[in-house]
$ cat target.cif   # mmCIF, C-alpha atoms
data_run
#
loop_
_atom_site.label_atom_id
_atom_site.label_comp_id
_atom_site.auth_asym_id
_atom_site.auth_seq_id
_atom_site.Cartn_x
_atom_site.Cartn_y
_atom_site.Cartn_z
CA MET A 190 39.60 -4.98 13.22
CA LYS A 191 40.49 -3.67 9.76
CA SER A 192 38.20 -1.19 8.02
CA LEU A 193 37.34 -3.75 5.33
CA GLN A 194 36.16 -6.24 7.95
CA ILE A 195 34.32 -3.65 10.03
CA LYS A 196 32.24 -2.41 7.11
CA TRP A 197 31.03 -5.95 6.39
CA VAL A 198 30.13 -6.47 10.05
CA TYR A 199 28.14 -3.23 10.00
CA LEU A 200 26.44 -4.30 6.77
CA ILE A 201 25.28 -7.66 8.17
CA VAL A 202 24.07 -6.17 11.45
CA LEU A 203 22.10 -3.53 9.56
CA ALA A 204 20.54 -6.18 7.32
CA LEU A 205 19.34 -8.14 10.35
CA ILE A 206 17.93 -5.04 12.03
CA TRP A 207 16.30 -3.42 9.00
CA GLY A 208 15.15 -6.74 7.58
CA SER A 209 13.14 -7.20 10.76
CA SER A 210 11.70 -3.67 10.59
CA PHE A 211 9.05 -4.53 8.00
CA ILE A 212 7.39 -7.20 10.11
CA LEU A 213 7.45 -4.81 13.10
CA ILE A 214 5.64 -2.21 10.98
CA LYS A 215 3.10 -4.86 10.00
CA LYS A 216 2.53 -5.79 13.65
CA GLY A 217 2.20 -2.12 14.60
CA LEU A 218 -0.42 -1.49 11.93
CA VAL A 219 -2.70 -4.07 13.55
CA ALA A 220 -3.90 -1.39 15.98
CA LEU A 221 -2.23 1.86 14.92
CA SER A 222 -2.88 4.17 11.99
CA PRO A 223 0.04 5.02 9.65
CA PHE A 224 0.23 8.52 11.16
CA GLN A 225 0.36 7.11 14.69
CA LEU A 226 2.93 4.49 13.75
CA GLY A 227 5.22 6.89 11.91
CA SER A 228 5.11 9.58 14.59
CA LEU A 229 5.58 7.11 17.48
CA ARG A 230 8.54 5.54 15.69
CA ILE A 231 10.21 8.94 15.42
CA ILE A 232 9.32 10.02 18.97
CA PHE A 233 10.71 6.83 20.54
CA SER A 234 13.88 7.15 18.47
CA SER A 235 14.24 10.83 19.40
CA ILE A 236 13.92 10.22 23.15
CA PHE A 237 16.44 7.36 23.02
CA LEU A 238 18.98 9.30 20.96
CA LEU A 239 18.68 12.50 22.99
CA ILE A 240 19.44 10.44 26.10
CA VAL A 241 22.54 8.78 24.64
CA GLY A 242 23.74 11.48 22.27
CA PHE A 243 22.64 14.90 23.53
CA LYS A 244 26.24 15.88 24.39
CA SER A 245 27.23 15.37 20.74
CA LEU A 246 24.93 18.14 19.45
CA PRO A 247 27.37 21.03 20.17
CA THR A 248 29.92 19.33 17.89
CA ILE A 249 27.73 20.11 14.88
CA PRO A 250 28.86 23.38 13.27
CA LEU A 251 26.10 25.96 12.92
CA HIS A 252 26.34 26.06 9.12
CA LYS A 253 25.80 22.27 8.97
CA TRP A 254 22.40 22.32 10.65
CA LYS A 255 20.61 22.97 7.37
CA PHE A 256 21.94 19.65 6.09
CA ILE A 257 21.07 17.96 9.38
CA ALA A 258 17.48 19.16 9.00
CA LEU A 259 17.31 18.21 5.32
CA THR A 260 18.65 14.69 5.92
CA ALA A 261 16.31 14.32 8.89
CA PHE A 262 13.21 14.80 6.77
CA LEU A 263 14.46 12.91 3.72
CA GLY A 264 16.13 10.04 5.55
CA THR A 265 13.64 9.49 8.38
CA PHE A 266 10.49 11.62 8.58
CA PHE A 267 8.95 11.09 5.15
CA PRO A 268 9.99 7.40 4.79
CA ALA A 269 8.56 6.54 8.23
CA PHE A 270 5.09 7.54 7.05
CA LEU A 271 5.48 6.34 3.46
CA PHE A 272 6.34 2.79 4.54
CA ALA A 273 3.53 2.79 7.12
CA PHE A 274 0.93 3.80 4.53
CA ALA A 275 2.34 1.40 1.92
CA GLN A 276 2.11 -1.60 4.23
CA THR A 277 -1.57 -1.01 4.84
CA GLN A 278 -2.03 -2.34 1.31
CA ILE A 279 1.02 -4.45 0.38
CA SER A 280 2.92 -7.20 2.20
CA SER A 281 6.04 -6.61 4.26
CA SER A 282 8.00 -8.90 1.89
CA VAL A 283 7.12 -6.85 -1.21
CA SER A 284 7.86 -3.63 0.66
CA SER A 285 11.35 -4.85 1.60
CA ILE A 286 12.11 -6.00 -1.95
CA LEU A 287 11.14 -2.64 -3.43
CA ASN A 288 13.31 -0.96 -0.82
CA SER A 289 16.20 -2.67 -2.67
CA LEU A 290 15.87 0.04 -5.31
CA THR A 291 17.71 2.42 -2.96
CA PRO A 292 21.23 1.66 -4.35
CA LEU A 293 19.93 2.17 -7.91
CA ASN A 294 18.45 5.52 -6.95
CA THR A 295 21.62 6.41 -5.04
CA LEU A 296 23.63 5.84 -8.21
CA LEU A 297 21.24 7.79 -10.44
CA LEU A 298 20.91 10.77 -8.11
CA GLY A 299 24.64 10.72 -7.36
CA GLY A 300 25.41 10.96 -11.07
CA LEU A 301 22.76 13.54 -11.87
CA PHE A 302 23.10 15.91 -8.91
CA PHE A 303 26.21 15.09 -6.85
CA GLY A 304 28.91 14.68 -9.49
CA VAL A 305 29.37 10.94 -8.94
CA ALA A 306 30.72 9.17 -12.04
CA PHE A 307 29.26 5.84 -13.10
CA LYS A 308 30.02 3.24 -15.78
CA ARG A 309 27.98 1.62 -18.53
CA THR A 310 27.63 -1.57 -16.49
CA GLN A 311 26.04 0.40 -13.68
CA ILE A 312 23.57 2.04 -16.06
CA ILE A 313 22.61 -1.40 -17.40
CA GLY A 314 22.14 -2.52 -13.80
CA VAL A 315 19.69 0.32 -13.23
CA PHE A 316 17.55 -0.74 -16.20
CA ILE A 317 17.66 -4.39 -15.14
CA GLY A 318 16.53 -3.41 -11.66
CA LEU A 319 13.66 -1.37 -13.05
CA CYS A 320 12.56 -4.31 -15.22
CA GLY A 321 12.53 -6.55 -12.15
CA THR A 322 10.48 -3.95 -10.29
CA LEU A 323 7.84 -3.81 -13.03
CA LEU A 324 7.65 -7.61 -13.12
CA LEU A 325 7.25 -7.81 -9.35
CA ILE A 326 4.54 -5.14 -9.21
CA LEU A 327 2.52 -6.18 -12.27
CA ASN A 328 2.51 -9.88 -11.39
CA GLY A 329 1.64 -9.10 -7.79
CA ALA A 330 -1.26 -6.90 -8.87
CA VAL A 331 -2.69 -9.81 -10.88
CA HIS A 332 -2.19 -12.61 -8.33
CA HIS A 333 -2.83 -10.66 -5.12
CA PRO A 334 -6.09 -8.80 -5.82
CA ASN A 335 -6.50 -8.22 -2.08
CA GLN A 336 -3.43 -5.94 -2.17
CA ASN A 337 -3.41 -2.51 -3.80
CA TYR A 338 -0.12 -2.38 -5.70
CA PHE A 339 -0.61 1.29 -6.46
CA TYR A 340 0.83 1.77 -2.95
CA THR A 341 4.18 0.41 -4.15
CA ILE A 342 4.76 3.94 -5.46
CA LEU A 343 5.08 5.08 -1.84
CA VAL A 344 7.95 2.64 -1.23
CA ILE A 345 9.68 3.80 -4.41
CA ILE A 346 9.37 7.43 -3.27
CA ALA A 347 10.81 6.42 0.12
CA SER A 348 13.77 4.76 -1.60
CA ILE A 349 14.41 8.00 -3.52
CA CYS A 350 14.35 9.89 -0.22
CA TYR A 351 16.88 7.42 1.23
CA ALA A 352 19.11 7.74 -1.83
CA THR A 353 19.11 11.54 -1.67
CA ASN A 354 19.84 11.37 2.05
CA VAL A 355 22.87 9.10 1.56
CA ASN A 356 24.39 11.36 -1.09
CA LEU A 357 23.84 14.45 1.08
CA ILE A 358 25.52 12.82 4.08
CA LYS A 359 28.50 11.68 2.06
CA LYS A 360 28.97 15.10 0.46
CA HIS A 361 28.16 17.48 3.32
CA LEU A 362 28.33 15.60 6.65
CA SER A 363 31.27 13.19 6.32
CA ASP A 364 33.28 15.19 8.83
CA ILE A 365 30.66 14.87 11.58
CA LYS A 366 30.44 11.89 13.93
CA PRO A 367 27.58 9.45 13.19
CA LEU A 368 26.09 9.83 16.68
CA ALA A 369 25.96 13.61 16.25
CA ILE A 370 24.27 13.32 12.84
CA THR A 371 21.69 10.84 14.12
CA THR A 372 20.96 12.77 17.31
CA GLY A 373 20.74 16.01 15.36
CA ASN A 374 18.28 14.44 12.92
CA PHE A 375 15.92 13.33 15.66
CA PHE A 376 16.33 16.53 17.66
CA VAL A 377 14.93 18.29 14.59
CA LEU A 378 12.10 15.76 14.14
CA LEU A 379 10.85 15.43 17.72
CA ILE A 380 8.49 18.42 17.59
CA PRO A 381 7.04 17.73 14.08
CA ALA A 382 6.41 14.09 15.00
CA SER A 383 4.78 15.08 18.29
CA ILE A 384 2.48 17.48 16.44
CA VAL A 385 1.43 14.72 14.05
CA LEU A 386 0.69 12.34 16.96
CA TYR A 387 -1.26 15.04 18.82
CA PHE A 388 -3.74 15.34 15.96
CA THR A 389 -4.50 11.61 16.00
CA ASN A 390 -6.72 9.81 18.52
CA PHE A 391 -3.80 7.94 20.11
CA CYS A 392 -4.42 9.26 23.63
CA SER A 393 -8.00 7.99 23.59
CA ILE A 394 -7.09 4.44 22.51
CA ILE A 395 -3.81 3.85 24.42
CA SER A 396 -5.72 2.02 27.18
CA GLU A 397 -6.64 -0.78 24.73
CA VAL A 398 -4.48 -3.91 25.08
CA GLU A 399 -4.13 -4.34 21.32
CA VAL A 400 -2.88 -0.76 20.99
CA GLN A 401 -0.41 -1.25 23.83
CA ASN A 402 0.98 -4.38 22.16
CA ALA A 403 1.32 -2.57 18.84
CA THR A 404 3.06 0.32 20.60
CA VAL A 405 5.64 -2.06 22.07
CA TYR A 406 6.48 -3.27 18.55
CA ILE A 407 7.01 0.33 17.45
CA LEU A 408 9.09 1.05 20.56
CA ILE A 409 11.44 -1.74 19.46
CA LEU A 410 11.36 -0.45 15.90
CA GLY A 411 12.10 3.10 17.00
CA ILE A 412 15.04 2.34 19.29
CA LEU A 413 16.65 -0.56 17.45
CA GLY A 414 15.43 -0.26 13.86
CA THR A 415 15.75 3.52 13.62
CA GLY A 416 17.92 4.98 16.40
CA ILE A 417 20.73 2.44 16.72
CA ALA A 418 20.54 1.40 13.06
CA ASN A 419 20.97 4.98 11.84
CA ILE A 420 24.12 5.43 13.91
CA ILE A 421 25.58 2.28 12.36
CA PHE A 422 24.43 3.30 8.88
CA PHE A 423 25.98 6.77 9.01
CA LYS A 424 29.23 5.25 10.24
CA LEU A 425 29.11 2.79 7.35
CA ILE A 426 28.65 5.62 4.83
CA GLN A 427 31.68 7.40 6.24
CA ILE A 428 34.03 4.39 6.16
CA SER A 429 32.85 3.08 2.77
CA SER A 430 30.82 4.67 -0.05
CA PRO A 431 27.15 5.62 -0.53
CA VAL A 432 26.55 2.73 -2.94
CA PHE A 433 28.24 0.16 -0.66
CA ALA A 434 26.28 1.42 2.34
CA THR A 435 22.96 1.16 0.51
CA SER A 436 23.88 -2.32 -0.75
CA VAL A 437 22.58 -3.47 2.64
CA THR A 438 19.33 -3.70 0.68
CA TYR A 439 20.68 -6.87 -0.99
CA LEU A 440 20.29 -8.65 2.34
CA ILE A 441 17.25 -6.90 3.83
CA PRO A 442 14.70 -8.74 1.61
CA ILE A 443 16.15 -12.11 2.64
CA VAL A 444 15.61 -11.33 6.33
CA ALA A 445 12.21 -9.71 5.68
CA PHE A 446 11.07 -12.60 3.47
CA PHE A 447 11.95 -15.07 6.24
CA TRP A 448 9.81 -13.13 8.73
CA GLY A 449 7.04 -12.86 6.14
CA LEU A 450 6.95 -16.62 5.63
CA LEU A 451 6.63 -17.13 9.38
CA ASP A 452 3.71 -14.69 9.34
CA GLY A 453 1.90 -16.41 6.47
CA GLU A 454 3.01 -14.22 3.55
CA PHE A 455 4.06 -15.61 0.18
CA LEU A 456 5.31 -14.51 -3.23
CA THR A 457 4.34 -16.02 -6.58
CA PRO A 458 7.13 -17.77 -8.56
CA VAL A 459 7.15 -14.86 -11.03
CA GLN A 460 7.51 -12.36 -8.16
CA VAL A 461 10.49 -14.36 -6.84
CA ILE A 462 12.04 -14.06 -10.32
CA GLY A 463 11.29 -10.33 -10.30
CA ALA A 464 12.95 -9.98 -6.89
CA PHE A 465 16.00 -11.85 -8.16
CA ILE A 466 16.20 -9.57 -11.22
CA ILE A 467 16.08 -6.52 -8.95
CA LEU A 468 18.99 -7.83 -6.87
CA VAL A 469 20.99 -8.59 -10.04
CA GLY A 470 20.41 -5.02 -11.16
CA VAL A 471 21.44 -3.67 -7.77
CA TYR A 472 24.60 -5.80 -7.86
CA MET A 473 25.56 -4.54 -11.32
CA SER A 474 24.87 -0.92 -10.38
CA SER A 475 27.16 -1.27 -7.35
CA LYS A 476 30.15 -2.65 -9.28
CA LYS A 477 33.05 -0.27 -9.66
#

$ encode --input "target.cif" --output "structure tokens"
Amino acid sequence: MKSLQIKWVYLIVLALIWGSSFILIKKGLVALSPFQLGSLRIIFSSIFLLIVGFKSLPTIPLHKWKFIALTAFLGTFFPAFLFAFAQTQISSSVSSILNSLTPLNTLLLGGLFFGVAFKRTQIIGVFIGLCGTLLLILNGAVHHPNQNYFYTILVIIASICYATNVNLIKKHLSDIKPLAITTGNFFVLLIPASIVLYFTNFCSIISEVEVQNATVYILILGILGTGIANIIFFKLIQISSPVFATSVTYLIPIVAFFWGLLDGEFLTPVQVIGAFIILVGVYMSSKK
């Protein structure tokens, strides 16, 4: 299969996996705290990746490990907890839509700190996306008083972490195999995540059926939505560009919104318009 076709296949598969991640987080939060959810997600991913990719670790040059560690915390550790905390107060649909800001942030950070050139159309796209974001948040705050839209800031911070991570991988880790990058990331994170989980009360509540069910959701999220998805994502970055790879966020809200509807979530008409404006801005920012 040609590279052009492969990158689109990767993009669609990622959209299906990551679009389903938000509802899995929601299901996990039924019985788990954000700290428990985030740490379990990382631990399950780490165990899975160390089983399938441990032999790839020696292929990482010693001087590259600082970038492996940096991308581990920016691309996985911090976002895992940020999304978990955010979805204690906002819906999975809104969370997925705001995650669409990642390509905009990738463009901005790439231009400001990584020497990536961008055009006027892309700058306009950034401003359009930001306008859509404000519309989505402000309207949601008015019509969903049961949700605390201040927590949307956490999703925006997570998208900035993702954007920085993508630019770092493209600039410093393009010569390393995706499996090695992913395994290296979670090798670094296994101990920090285990420490976080240790200081929660997870061991004392694991016998509860509701907790066990929630843990199964996070097991699926960790292996499929984090471990396998990251391997595909890093491969996509290497065969395409950072902005194309993060354009997977065009499709993620569609999948997440579908799951949200099945779970009783809804958006106001104005929020739907805001979401559409965000995607228009993302599209413009991604045009060459």

$ residues_around --input "target.cif" --residues "A:Gly217" --least-positions-apart "2" --cutoff "7 Å" --atoms "all atoms listed in the file" --output "PDB file with C-alpha atoms, in the frame of the given file"
ATOM      1  CA  LEU A 213       7.450  -4.810  13.100  1.00  0.00           C
ATOM      2  CA  ILE A 214       5.640  -2.210  10.980  1.00  0.00           C
ATOM      3  CA  LYS A 215       3.100  -4.860  10.000  1.00  0.00           C
ATOM      4  CA  VAL A 219      -2.700  -4.070  13.550  1.00  0.00           C
ATOM      5  CA  ALA A 220      -3.900  -1.390  15.980  1.00  0.00           C
ATOM      6  CA  LEU A 221      -2.230   1.860  14.920  1.00  0.00           C
ATOM      7  CA  LEU A 226       2.930   4.490  13.750  1.00  0.00           C
ATOM      8  CA  ALA A 403       1.320  -2.570  18.840  1.00  0.00           C
ATOM      9  CA  THR A 404       3.060   0.320  20.600  1.00  0.00           C
ATOM     10  CA  TYR A 406       6.480  -3.270  18.550  1.00  0.00           C
ATOM     11  CA  ILE A 407       7.010   0.330  17.450  1.00  0.00           C
TER      12      ILE A 407
END

$ closest_atom_pairs --input "target.cif" --of "stretch 344-373 of chain A" --to "stretch 431-445 of chain A" --cutoff "7 Å" --atoms "all atoms listed in the file" --output "Markdown table"
| residue | atom | partner | partner_atom | distance |
| --- | --- | --- | --- | --- |
| A:Val355 | CA | A:Pro431 | CA | 5.9 |
| A:Asn356 | CA | A:Pro431 | CA | 6.4 |
| A:Lys359 | CA | A:Pro431 | CA | 6.7 |

$ atom_distance --input "target.cif" --atom1 "atom CA of A:Gly264" --atom2 "atom CA of A:Thr353"
8.0 Å

$ residues_around --input "target.cif" --residues "stretch 451-458 of chain A" --least-positions-apart "6" --cutoff "12 Å" --atoms "only C-alpha atoms" --output "list in words"
Ser209, Phe211, Ile212, Leu213, Lys215, Lys216, Ile279, Ser280, Ser281, Ser282, Val283, Ser284, Ile286, Leu324, Leu325, Ile326, Leu327, Asn328, Gly329, Ala330, Val331, His332, His333, Gln336, Val444, Ala445, Ala464 and Phe465 of chain A

$ closest_residue --input "target.cif" --among "A:Ala382, A:Leu450, A:Leu368, A:Leu413" --to "A:Ile249" --atoms "only C-alpha atoms"
A:Leu368

$ resolve_selection --input "target.cif" --expression "the PyMOL selection byres ((chain A and resi 319-323) around 12)" --output "JSON, numbers by chain"
{"A": [283, 284, 285, 286, 287, 288, 289, 290, 291, 292, 293, 294, 312, 313, 314, 315, 316, 317, 318, 324, 325, 326, 327, 328, 329, 330, 338, 339, 341, 342, 344, 345, 459, 460, 461, 462, 463, 464, 465, 466, 467, 468, 469, 470, 471, 474]}

$ write_last_selection --input "target.cif" --atoms "C-alpha atoms" --output "compact mmCIF listing (two decimals), in the coordinates of the input"
# COMPACT_ATOMS: atom_id res chain seq x y z
CA VAL A 283 7.12 -6.85 -1.21
CA SER A 284 7.86 -3.63 0.66
CA SER A 285 11.35 -4.85 1.60
CA ILE A 286 12.11 -6.00 -1.95
CA LEU A 287 11.14 -2.64 -3.43
CA ASN A 288 13.31 -0.96 -0.82
CA SER A 289 16.20 -2.67 -2.67
CA LEU A 290 15.87 0.04 -5.31
CA THR A 291 17.71 2.42 -2.96
CA PRO A 292 21.23 1.66 -4.35
CA LEU A 293 19.93 2.17 -7.91
CA ASN A 294 18.45 5.52 -6.95
CA ILE A 312 23.57 2.04 -16.06
CA ILE A 313 22.61 -1.40 -17.40
CA GLY A 314 22.14 -2.52 -13.80
CA VAL A 315 19.69 0.32 -13.23
CA PHE A 316 17.55 -0.74 -16.20
CA ILE A 317 17.66 -4.39 -15.14
CA GLY A 318 16.53 -3.41 -11.66
CA LEU A 324 7.65 -7.61 -13.12
CA LEU A 325 7.25 -7.81 -9.35
CA ILE A 326 4.54 -5.14 -9.21
CA LEU A 327 2.52 -6.18 -12.27
CA ASN A 328 2.51 -9.88 -11.39
CA GLY A 329 1.64 -9.10 -7.79
CA ALA A 330 -1.26 -6.90 -8.87
CA TYR A 338 -0.12 -2.38 -5.70
CA PHE A 339 -0.61 1.29 -6.46
CA THR A 341 4.18 0.41 -4.15
CA ILE A 342 4.76 3.94 -5.46
CA VAL A 344 7.95 2.64 -1.23
CA ILE A 345 9.68 3.80 -4.41
CA VAL A 459 7.15 -14.86 -11.03
CA GLN A 460 7.51 -12.36 -8.16
CA VAL A 461 10.49 -14.36 -6.84
CA ILE A 462 12.04 -14.06 -10.32
CA GLY A 463 11.29 -10.33 -10.30
CA ALA A 464 12.95 -9.98 -6.89
CA PHE A 465 16.00 -11.85 -8.16
CA ILE A 466 16.20 -9.57 -11.22
CA ILE A 467 16.08 -6.52 -8.95
CA LEU A 468 18.99 -7.83 -6.87
CA VAL A 469 20.99 -8.59 -10.04
CA GLY A 470 20.41 -5.02 -11.16
CA VAL A 471 21.44 -3.67 -7.77
CA SER A 474 24.87 -0.92 -10.38

$ residues_around --input "target.cif" --residues "A:Thr248" --least-positions-apart "6" --cutoff "10 Å" --atoms "all atoms listed in the file" --output "ChimeraX atom specification"
/A:365-366,369-370

$ residues_near_point --input "target.cif" --point "(-2.2, 8.9, 19.4)" --cutoff "7 Å" --atoms "all atoms listed in the file" --output "mmCIF file with C-alpha atoms, in the frame of the given file"
data_model
loop_
_atom_site.group_PDB
_atom_site.id
_atom_site.type_symbol
_atom_site.label_atom_id
_atom_site.label_comp_id
_atom_site.auth_asym_id
_atom_site.auth_seq_id
_atom_site.Cartn_x
_atom_site.Cartn_y
_atom_site.Cartn_z
ATOM 1 C CA GLN A 225 0.360 7.110 14.690
ATOM 2 C CA LEU A 386 0.690 12.340 16.960
ATOM 3 C CA TYR A 387 -1.260 15.040 18.820
ATOM 4 C CA THR A 389 -4.500 11.610 16.000
ATOM 5 C CA ASN A 390 -6.720 9.810 18.520
ATOM 6 C CA PHE A 391 -3.800 7.940 20.110
ATOM 7 C CA CYS A 392 -4.420 9.260 23.630
#

$ atom_distance --input "target.cif" --atom1 "atom CA of A:Leu239" --atom2 "atom CA of A:Asn419"
13.6 Å

$ atom_distance --input "target.cif" --atom1 "atom CA of A:Ile236" --atom2 "atom CA of A:Trp207"
19.8 Å

$ closest_residue --input "target.cif" --among "A:Leu263, A:Pro268, A:Gly449, A:Leu425" --to "A:Ala347" --atoms "all atoms listed in the file"
A:Pro268

$ residues_near_point --input "target.cif" --point "(8.8, 8.6, 14.0)" --cutoff "9 Å" --atoms "only C-alpha atoms" --output "mmCIF file with C-alpha atoms, keeping the file's coordinate frame"
data_model
loop_
_atom_site.group_PDB
_atom_site.id
_atom_site.type_symbol
_atom_site.label_atom_id
_atom_site.label_comp_id
_atom_site.auth_asym_id
_atom_site.auth_seq_id
_atom_site.Cartn_x
_atom_site.Cartn_y
_atom_site.Cartn_z
ATOM 1 C CA GLN A 225 0.360 7.110 14.690
ATOM 2 C CA LEU A 226 2.930 4.490 13.750
ATOM 3 C CA GLY A 227 5.220 6.890 11.910
ATOM 4 C CA SER A 228 5.110 9.580 14.590
ATOM 5 C CA LEU A 229 5.580 7.110 17.480
ATOM 6 C CA ARG A 230 8.540 5.540 15.690
ATOM 7 C CA ILE A 231 10.210 8.940 15.420
ATOM 8 C CA ILE A 232 9.320 10.020 18.970
ATOM 9 C CA PHE A 233 10.710 6.830 20.540
ATOM 10 C CA SER A 234 13.880 7.150 18.470
ATOM 11 C CA SER A 235 14.240 10.830 19.400
ATOM 12 C CA THR A 265 13.640 9.490 8.380
ATOM 13 C CA PHE A 266 10.490 11.620 8.580
ATOM 14 C CA ALA A 269 8.560 6.540 8.230
ATOM 15 C CA PHE A 270 5.090 7.540 7.050
ATOM 16 C CA PHE A 375 15.920 13.330 15.660
ATOM 17 C CA LEU A 378 12.100 15.760 14.140
ATOM 18 C CA LEU A 379 10.850 15.430 17.720
ATOM 19 C CA ALA A 382 6.410 14.090 15.000
ATOM 20 C CA SER A 383 4.780 15.080 18.290
ATOM 21 C CA GLY A 411 12.100 3.100 17.000
ATOM 22 C CA THR A 415 15.750 3.520 13.620
#

$ closest_residue --input "target.cif" --among "A:Phe388, A:Tyr340, A:Trp448, A:Phe376" --to "A:Gln278" --atoms "all atoms listed in the file"
A:Tyr340

$ closest_residue --input "target.cif" --among "A:Tyr472, A:Tyr199, A:Phe267, A:Trp254" --to "A:Leu296" --atoms "all atoms listed in the file"
A:Tyr472

$ decode --input "target.cif" --residues "stretch 252-258 of chain A" --atoms "all heavy atoms" --output "compact mmCIF listing (two decimals), in the first residue's frame"
# COMPACT_ATOMS: atom_id res chain seq x y z
N HIS A 252 21.65 9.33 24.10
CA HIS A 252 21.41 10.77 24.11
C HIS A 252 19.98 11.15 23.73
O HIS A 252 19.58 12.31 23.87
CB HIS A 252 22.39 11.47 23.15
CG HIS A 252 22.15 11.19 21.70
ND1 HIS A 252 22.54 10.00 21.09
CD2 HIS A 252 21.53 11.93 20.73
CE1 HIS A 252 22.19 10.03 19.82
NE2 HIS A 252 21.57 11.16 19.57
N LYS A 253 19.18 10.16 23.29
CA LYS A 253 17.79 10.42 22.93
C LYS A 253 16.83 10.22 24.11
O LYS A 253 15.66 10.60 24.02
CB LYS A 253 17.36 9.50 21.79
CG LYS A 253 18.08 9.74 20.46
CD LYS A 253 17.51 10.94 19.73
CE LYS A 253 18.10 11.05 18.33
NZ LYS A 253 17.53 12.18 17.57
N TRP A 254 17.32 9.63 25.19
CA TRP A 254 16.43 9.31 26.29
C TRP A 254 15.83 10.54 26.96
O TRP A 254 14.74 10.50 27.53
CB TRP A 254 17.14 8.44 27.32
CG TRP A 254 17.05 6.97 26.98
CD1 TRP A 254 18.00 6.21 26.36
CD2 TRP A 254 15.93 6.11 27.19
NE1 TRP A 254 17.55 4.92 26.18
CE2 TRP A 254 16.28 4.83 26.68
CE3 TRP A 254 14.67 6.28 27.76
CZ2 TRP A 254 15.41 3.74 26.74
CZ3 TRP A 254 13.80 5.19 27.82
CH2 TRP A 254 14.18 3.96 27.31
N LYS A 255 16.54 11.66 26.89
CA LYS A 255 15.97 12.88 27.48
C LYS A 255 14.72 13.31 26.72
O LYS A 255 13.74 13.81 27.31
CB LYS A 255 17.00 14.01 27.50
CG LYS A 255 17.57 14.43 26.15
CD LYS A 255 18.56 15.56 26.32
CE LYS A 255 19.19 15.99 25.00
NZ LYS A 255 20.09 14.93 24.46
N PHE A 256 14.71 13.09 25.42
CA PHE A 256 13.52 13.42 24.63
C PHE A 256 12.42 12.37 24.82
O PHE A 256 11.23 12.70 24.78
CB PHE A 256 13.89 13.55 23.14
CG PHE A 256 14.84 14.66 22.85
CD1 PHE A 256 16.13 14.39 22.39
CD2 PHE A 256 14.48 15.98 23.06
CE1 PHE A 256 17.02 15.40 22.13
CE2 PHE A 256 15.37 17.01 22.80
CZ PHE A 256 16.65 16.73 22.34
N ILE A 257 12.82 11.13 25.03
CA ILE A 257 11.86 10.08 25.34
C ILE A 257 11.12 10.42 26.64
O ILE A 257 9.89 10.32 26.73
CB ILE A 257 12.54 8.70 25.47
CG1 ILE A 257 13.10 8.23 24.12
CG2 ILE A 257 11.58 7.67 26.05
CD1 ILE A 257 12.05 7.88 23.09
N ALA A 258 11.88 10.82 27.65
CA ALA A 258 11.28 11.17 28.94
C ALA A 258 10.39 12.41 28.82
O ALA A 258 9.28 12.44 29.38
CB ALA A 258 12.39 11.42 29.97
